[in-house]
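Below is one structure, written out as structure tokens; the observations come after it.
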Amino acid sequence: MEKTVRLDKFLADMGKGSRSQLREAAKKGRILVNGEPEKKTDRKIVPGTDQVVFDGIPVCYRKYEYYMLNKPQGVVSATEDSRCTTVVDLLGAGPEGDLRRDLFPVGRLDKDTEGLLILTNDGDMAHRLLSPRNHVDKVYYARVSGRLPEDAAAVMAAGMTLQDGTRVLPGKLKVLEGGENPRILLTIQEGKFHQVKRMFEALACQVVYLKRISMGPVVLDESLKPGEYRRLTGEEIRLLGGETDE
Ligand code: URA
């Protein structure tokens, strides 16, 4: 049987406003279903089969959406926060925005971390990317304060113990520039709280700048300035095992 959904839920999910705003819009004849003005926003429709038009523009149904954001510093990786701007606010995906309202970030970056953050409403794909059991590489670029021990790469490759006794899975360290203020790339496959920072702290160094470069097959699009975002391409979605009709 075809899956039905309430008209107001469908339009709210597609970012067209709250249920009360949609009721008002319907009263004014701004919503058409299969070519006819529809006043009852609690009626059921079949997404992808019934044609819904809002303010003269057809509303395409997409089950899942996928975006990449170049997360700037100062923004929290959450869907809502009473004090700080969230990554979802940046996409304009909240109730006031015009993107669908069920997007969430795949994992977290710290408030002061920049770089690749994927946002989606595809929970299965998010779970696959985040589960350490799936060994998905996450690559970070960092600037570090303090001299790295000679054996830093070997220590990380062996799977290290953090200062509080937590064990982490092996990581791959590439030193781009050594000395007092090294620049590095670190590849890890899990996402424990402040993991990269804590791995360097365990070597008596401090991360002073951190940016995520890639997550599995998806690499941050360097044309995106901090705060900018774009949809993932069909190819990127396929590589992640997501659903796309492109
Ligand atoms: N590791 C950290 O320490 N911070 C992040 O934001 C991501 C990984």
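Residue numbering restarts at 1 for every chain of the structure tokens, chains are lettered A, B, ... in their displayed order, and ligands are numbered from 1 as they appear.
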| All strand (DSSP E) residues (DSSP, backbone) inside range 115-174 of chain A, as a PyMOL selection string | chain A and resi 115-120+138-145+172-174
* To do: Residues within 6 Å of ligand 1 should be enumerated using only C-alpha atoms and all ligand atoms and returned as number ranges by chain.
  => A: 109-110, 113, 194-197
Those residues with C-alpha atoms, as a PDB file, in the first residue's frame please?
ATOM      1  CA  LEU A 109      32.647  18.914  15.775  1.00  0.00           C
ATOM      2  CA  ASP A 110      33.689  21.033  18.754  1.00  0.00           C
ATOM      3  CA  THR A 113      36.626  23.129  15.172  1.00  0.00           C
ATOM      4  CA  HIS A 194      37.571  15.920  21.978  1.00  0.00           C
ATOM      5  CA  GLN A 195      39.413  12.894  20.643  1.00  0.00           C
ATOM      6  CA  VAL A 196      42.018  14.587  18.453  1.00  0.00           C
ATOM      7  CA  LYS A 197      42.803  17.226  21.088  1.00  0.00           C
TER       8      LYS A 197
END
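Every protein, DNA or RNA residue with an atom at most 8 Å from Val139 in chain A, where only C-alpha atoms count and chain neighbours fewer than 4 positions away do not, is listed here: Leu185, Leu186, Thr187, Ile188, Arg212, Ile213, Ser214 and Met215 of chain A.
Counting from CA of Gly29 in chain A, the distance to CA of Gly15 in chain A is 18.3 Å.
One distance worth recording is that between CA of Lys39 in chain A and CA of Arg23 in chain A, which is 7.6 Å.
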Report task. Using DSSP on the backbone coordinates, identify the residues of range 5-108 of chain A assigned to alpha helix (DSSP H); present them as JSON, numbers by chain. Result -> {"A": [7, 8, 9, 10, 11, 12, 13, 19, 20, 21, 22, 23, 24, 25, 26, 27, 87, 88, 89, 90]}
Atoms to include: N, CA, C and O atoms. Write the selected residues as a PDB file, in the first residue's frame.
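In the end it all went to result.pdb:
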ATOM      1  N   LEU A   7      -0.933  16.400   4.778  1.00  0.00           N
ATOM      2  CA  LEU A   7      -0.454  17.493   3.922  1.00  0.00           C
ATOM      3  C   LEU A   7       0.396  18.489   4.718  1.00  0.00           C
ATOM      4  O   LEU A   7       1.458  18.932   4.258  1.00  0.00           O
ATOM      5  N   ASP A   8      -0.064  18.829   5.944  1.00  0.00           N
ATOM      6  CA  ASP A   8       0.711  19.834   6.701  1.00  0.00           C
ATOM      7  C   ASP A   8       2.061  19.276   7.149  1.00  0.00           C
ATOM      8  O   ASP A   8       3.070  19.971   7.139  1.00  0.00           O
ATOM      9  N   LYS A   9       2.106  17.983   7.458  1.00  0.00           N
ATOM     10  CA  LYS A   9       3.406  17.407   7.849  1.00  0.00           C
ATOM     11  C   LYS A   9       4.356  17.387   6.655  1.00  0.00           C
ATOM     12  O   LYS A   9       5.530  17.738   6.753  1.00  0.00           O
ATOM     13  N   PHE A  10       3.819  16.982   5.514  1.00  0.00           N
ATOM     14  CA  PHE A  10       4.625  16.943   4.286  1.00  0.00           C
ATOM     15  C   PHE A  10       5.224  18.328   4.010  1.00  0.00           C
ATOM     16  O   PHE A  10       6.432  18.470   3.797  1.00  0.00           O
ATOM     17  N   LEU A  11       4.383  19.360   4.039  1.00  0.00           N
ATOM     18  CA  LEU A  11       4.875  20.701   3.698  1.00  0.00           C
ATOM     19  C   LEU A  11       5.813  21.242   4.777  1.00  0.00           C
ATOM     20  O   LEU A  11       6.802  21.913   4.462  1.00  0.00           O
ATOM     21  N   ALA A  12       5.519  20.932   6.031  1.00  0.00           N
ATOM     22  CA  ALA A  12       6.409  21.389   7.107  1.00  0.00           C
ATOM     23  C   ALA A  12       7.767  20.699   6.978  1.00  0.00           C
ATOM     24  O   ALA A  12       8.816  21.343   7.095  1.00  0.00           O
ATOM     25  N   ASP A  13       7.764  19.398   6.685  1.00  0.00           N
ATOM     26  CA  ASP A  13       9.040  18.680   6.511  1.00  0.00           C
ATOM     27  C   ASP A  13       9.839  19.254   5.351  1.00  0.00           C
ATOM     28  O   ASP A  13      11.066  19.243   5.355  1.00  0.00           O
ATOM     29  N   ARG A  19       2.780  24.227  11.121  1.00  0.00           N
ATOM     30  CA  ARG A  19       1.422  23.760  10.784  1.00  0.00           C
ATOM     31  C   ARG A  19       0.428  24.911  10.805  1.00  0.00           C
ATOM     32  O   ARG A  19      -0.441  24.993   9.946  1.00  0.00           O
ATOM     33  N   SER A  20       0.575  25.844  11.787  1.00  0.00           N
ATOM     34  CA  SER A  20      -0.405  26.943  11.837  1.00  0.00           C
ATOM     35  C   SER A  20      -0.195  27.883  10.654  1.00  0.00           C
ATOM     36  O   SER A  20      -1.174  28.364  10.062  1.00  0.00           O
ATOM     37  N   GLN A  21       1.070  28.117  10.290  1.00  0.00           N
ATOM     38  CA  GLN A  21       1.312  28.971   9.109  1.00  0.00           C
ATOM     39  C   GLN A  21       0.713  28.325   7.855  1.00  0.00           C
ATOM     40  O   GLN A  21       0.163  28.996   6.982  1.00  0.00           O
ATOM     41  N   LEU A  22       0.812  27.002   7.797  1.00  0.00           N
ATOM     42  CA  LEU A  22       0.300  26.301   6.610  1.00  0.00           C
ATOM     43  C   LEU A  22      -1.230  26.340   6.572  1.00  0.00           C
ATOM     44  O   LEU A  22      -1.821  26.455   5.494  1.00  0.00           O
ATOM     45  N   ARG A  23      -1.842  26.281   7.765  1.00  0.00           N
ATOM     46  CA  ARG A  23      -3.318  26.384   7.804  1.00  0.00           C
ATOM     47  C   ARG A  23      -3.756  27.724   7.229  1.00  0.00           C
ATOM     48  O   ARG A  23      -4.675  27.801   6.417  1.00  0.00           O
ATOM     49  N   GLU A  24      -3.038  28.792   7.633  1.00  0.00           N
ATOM     50  CA  GLU A  24      -3.361  30.133   7.125  1.00  0.00           C
ATOM     51  C   GLU A  24      -3.151  30.199   5.615  1.00  0.00           C
ATOM     52  O   GLU A  24      -3.964  30.745   4.872  1.00  0.00           O
ATOM     53  N   ALA A  25      -2.015  29.619   5.168  1.00  0.00           N
ATOM     54  CA  ALA A  25      -1.704  29.638   3.728  1.00  0.00           C
ATOM     55  C   ALA A  25      -2.797  28.911   2.942  1.00  0.00           C
ATOM     56  O   ALA A  25      -3.225  29.365   1.871  1.00  0.00           O
ATOM     57  N   ALA A  26      -3.271  27.801   3.519  1.00  0.00           N
ATOM     58  CA  ALA A  26      -4.304  27.014   2.820  1.00  0.00           C
ATOM     59  C   ALA A  26      -5.595  27.806   2.700  1.00  0.00           C
ATOM     60  O   ALA A  26      -6.253  27.815   1.661  1.00  0.00           O
ATOM     61  N   LYS A  27      -5.943  28.532   3.795  1.00  0.00           N
ATOM     62  CA  LYS A  27      -7.178  29.339   3.773  1.00  0.00           C
ATOM     63  C   LYS A  27      -7.127  30.356   2.646  1.00  0.00           C
ATOM     64  O   LYS A  27      -8.140  30.718   2.065  1.00  0.00           O
ATOM     65  N   VAL A  87      24.598  24.516  13.753  1.00  0.00           N
ATOM     66  CA  VAL A  87      24.866  24.216  12.337  1.00  0.00           C
ATOM     67  C   VAL A  87      23.565  24.148  11.539  1.00  0.00           C
ATOM     68  O   VAL A  87      23.539  24.479  10.357  1.00  0.00           O
ATOM     69  N   VAL A  88      22.483  23.737  12.205  1.00  0.00           N
ATOM     70  CA  VAL A  88      21.185  23.662  11.524  1.00  0.00           C
ATOM     71  C   VAL A  88      20.667  25.081  11.244  1.00  0.00           C
ATOM     72  O   VAL A  88      20.119  25.352  10.177  1.00  0.00           O
ATOM     73  N   ASP A  89      20.907  26.014  12.180  1.00  0.00           N
ATOM     74  CA  ASP A  89      20.533  27.421  11.924  1.00  0.00           C
ATOM     75  C   ASP A  89      21.270  27.922  10.686  1.00  0.00           C
ATOM     76  O   ASP A  89      20.707  28.660   9.871  1.00  0.00           O
ATOM     77  N   LEU A  90      22.538  27.540  10.540  1.00  0.00           N
ATOM     78  CA  LEU A  90      23.324  28.040   9.402  1.00  0.00           C
ATOM     79  C   LEU A  90      22.713  27.613   8.074  1.00  0.00           C
ATOM     80  O   LEU A  90      22.773  28.330   7.088  1.00  0.00           O
TER      81      LEU A  90
END
Pick out the residues sitting within 10 Å of Asn134 in chain A, and hand them over as an mmCIF file with all heavy atoms, in the first residue's frame; count only C-alpha atoms, and ignore anything fewer than 5 positions along from it in its own chain.
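And here is the file that came out, around_2.cif:
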data_model
loop_
_atom_site.group_PDB
_atom_site.id
_atom_site.type_symbol
_atom_site.label_atom_id
_atom_site.label_comp_id
_atom_site.auth_asym_id
_atom_site.auth_seq_id
_atom_site.Cartn_x
_atom_site.Cartn_y
_atom_site.Cartn_z
ATOM 1 N N HIS A 127 24.320 6.578 10.953
ATOM 2 C CA HIS A 127 24.786 5.539 11.865
ATOM 3 C C HIS A 127 25.966 4.765 11.253
ATOM 4 O O HIS A 127 26.960 4.500 11.921
ATOM 5 C CB HIS A 127 23.628 4.602 12.198
ATOM 6 C CG HIS A 127 24.023 3.521 13.127
ATOM 7 N ND1 HIS A 127 24.264 3.752 14.463
ATOM 8 C CD2 HIS A 127 24.270 2.204 12.913
ATOM 9 C CE1 HIS A 127 24.631 2.628 15.029
ATOM 10 N NE2 HIS A 127 24.642 1.674 14.117
ATOM 11 N N ARG A 128 25.834 4.458 9.953
ATOM 12 C CA ARG A 128 26.920 3.715 9.288
ATOM 13 C C ARG A 128 28.220 4.518 9.303
ATOM 14 O O ARG A 128 29.296 3.977 9.487
ATOM 15 C CB ARG A 128 26.548 3.399 7.828
ATOM 16 C CG ARG A 128 25.602 2.233 7.664
ATOM 17 C CD ARG A 128 25.591 1.744 6.223
ATOM 18 N NE ARG A 128 25.258 2.772 5.274
ATOM 19 C CZ ARG A 128 24.013 3.159 4.969
ATOM 20 N NH1 ARG A 128 22.972 2.596 5.555
ATOM 21 N NH2 ARG A 128 23.796 4.100 4.085
ATOM 22 N N LEU A 129 28.118 5.839 9.099
ATOM 23 C CA LEU A 129 29.329 6.665 9.056
ATOM 24 C C LEU A 129 29.987 6.790 10.424
ATOM 25 O O LEU A 129 31.197 6.937 10.527
ATOM 26 C CB LEU A 129 28.965 8.083 8.601
ATOM 27 C CG LEU A 129 29.036 8.403 7.123
ATOM 28 C CD1 LEU A 129 28.699 9.867 6.898
ATOM 29 C CD2 LEU A 129 30.429 8.125 6.586
ATOM 30 N N GLN A 189 39.195 6.626 13.226
ATOM 31 C CA GLN A 189 37.969 5.945 12.780
ATOM 32 C C GLN A 189 36.867 5.983 13.824
ATOM 33 O O GLN A 189 35.885 5.290 13.711
ATOM 34 C CB GLN A 189 38.292 4.502 12.398
ATOM 35 C CG GLN A 189 39.229 4.457 11.207
ATOM 36 C CD GLN A 189 39.581 3.065 10.793
ATOM 37 O OE1 GLN A 189 39.570 2.144 11.614
ATOM 38 N NE2 GLN A 189 39.903 2.899 9.523
ATOM 39 N N GLU A 190 37.063 6.762 14.863
ATOM 40 C CA GLU A 190 36.001 6.907 15.863
ATOM 41 C C GLU A 190 35.896 8.385 16.212
ATOM 42 O O GLU A 190 36.627 9.206 15.656
ATOM 43 C CB GLU A 190 36.287 6.036 17.096
ATOM 44 C CG GLU A 190 37.631 6.301 17.670
ATOM 45 C CD GLU A 190 38.024 5.363 18.793
ATOM 46 O OE1 GLU A 190 37.168 4.662 19.339
ATOM 47 O OE2 GLU A 190 39.202 5.372 19.128
#
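Restricting the calculation to only C-alpha atoms, the smallest distance between Val168 in chain A and any of A:Ala202, A:Leu240, A:Val208, A:Ile184 is found for A:Ala202.
Coordinates place CA of Leu119 in chain A at a distance of 10.4 Å from CA of Ala78 in chain A.
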Min atom-atom distance to Arg147 in chain A from the set A:Tyr67, A:Phe200, A:Tyr209, A:Tyr229, counting only C-alpha atoms, belongs to A:Phe200
Write out as a ChimeraX atom specification each polymer residue whose atoms come within 10 Å of Gly146 in chain A, counting only C-alpha atoms; drop sequence neighbours fewer than 4 positions from it.
/A:178-182,200-201,203-207
If we count only C-alpha atoms and set the cut-off at 8 Å, which residues sit around range 154-161 of chain A, ignoring sequence neighbours fewer than 3 positions away in its own chain? Please answer as a compact mmCIF listing (two decimals) with N, CA and C atoms, in the first residue's frame.
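Wrote selection38.txt, looks like this:
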# COMPACT_ATOMS: atom_id res chain seq x y z
N ASP A 151 58.49 9.37 18.39
CA ASP A 151 57.69 8.17 18.10
C ASP A 151 56.18 8.46 18.06
N ASP A 164 43.11 10.27 30.75
CA ASP A 164 42.15 9.76 31.74
C ASP A 164 42.02 8.24 31.68
N GLY A 165 42.90 7.59 30.92
CA GLY A 165 42.89 6.12 30.86
C GLY A 165 42.07 5.55 29.71
N THR A 166 41.36 6.42 28.96
CA THR A 166 40.55 5.92 27.84
C THR A 166 41.47 5.39 26.74
N ARG A 167 41.12 4.22 26.21
CA ARG A 167 41.88 3.66 25.08
C ARG A 167 41.23 4.12 23.78
N VAL A 168 42.02 4.48 22.80
CA VAL A 168 41.44 4.82 21.49
C VAL A 168 42.02 3.89 20.43
N LEU A 169 41.26 3.75 19.35
CA LEU A 169 41.69 2.89 18.26
C LEU A 169 42.92 3.50 17.57
N PRO A 170 43.68 2.71 16.84
CA PRO A 170 44.86 3.25 16.15
C PRO A 170 44.50 4.41 15.23
N GLY A 171 45.40 5.40 15.18
CA GLY A 171 45.23 6.55 14.29
C GLY A 171 46.47 6.66 13.41
N LYS A 172 46.29 7.30 12.26
CA LYS A 172 47.43 7.44 11.34
C LYS A 172 47.87 8.90 11.34
N LEU A 173 49.08 9.15 11.81
CA LEU A 173 49.59 10.53 11.90
C LEU A 173 50.55 10.80 10.75
N MET A 199 44.25 13.24 22.11
CA MET A 199 45.38 12.40 21.65
C MET A 199 46.68 13.21 21.68
N ALA A 202 47.86 13.83 25.26
CA ALA A 202 48.55 12.65 25.82
C ALA A 202 50.02 12.62 25.40
Using only C-alpha atoms, determine which residues lie at most 6 Å from Lys71 in chain A, disregarding the query and same-chain residues fewer than 2 positions distant; provide the list as a PyMOL selection string. chain A and resi 69+114-115+226-227
Requested write-out: C-alpha atoms of the selected residues, as a tab-separated table (two decimals), in the first residue's frame:
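Just written: again_15.tsv:
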chain	number	residue	atom	x	y	z
A	69	LEU	CA	28.76	22.33	5.51
A	114	GLU	CA	36.11	23.95	11.50
A	115	GLY	CA	35.52	21.86	8.45
A	226	PRO	CA	33.53	28.63	6.51
A	227	GLY	CA	29.75	28.89	7.00
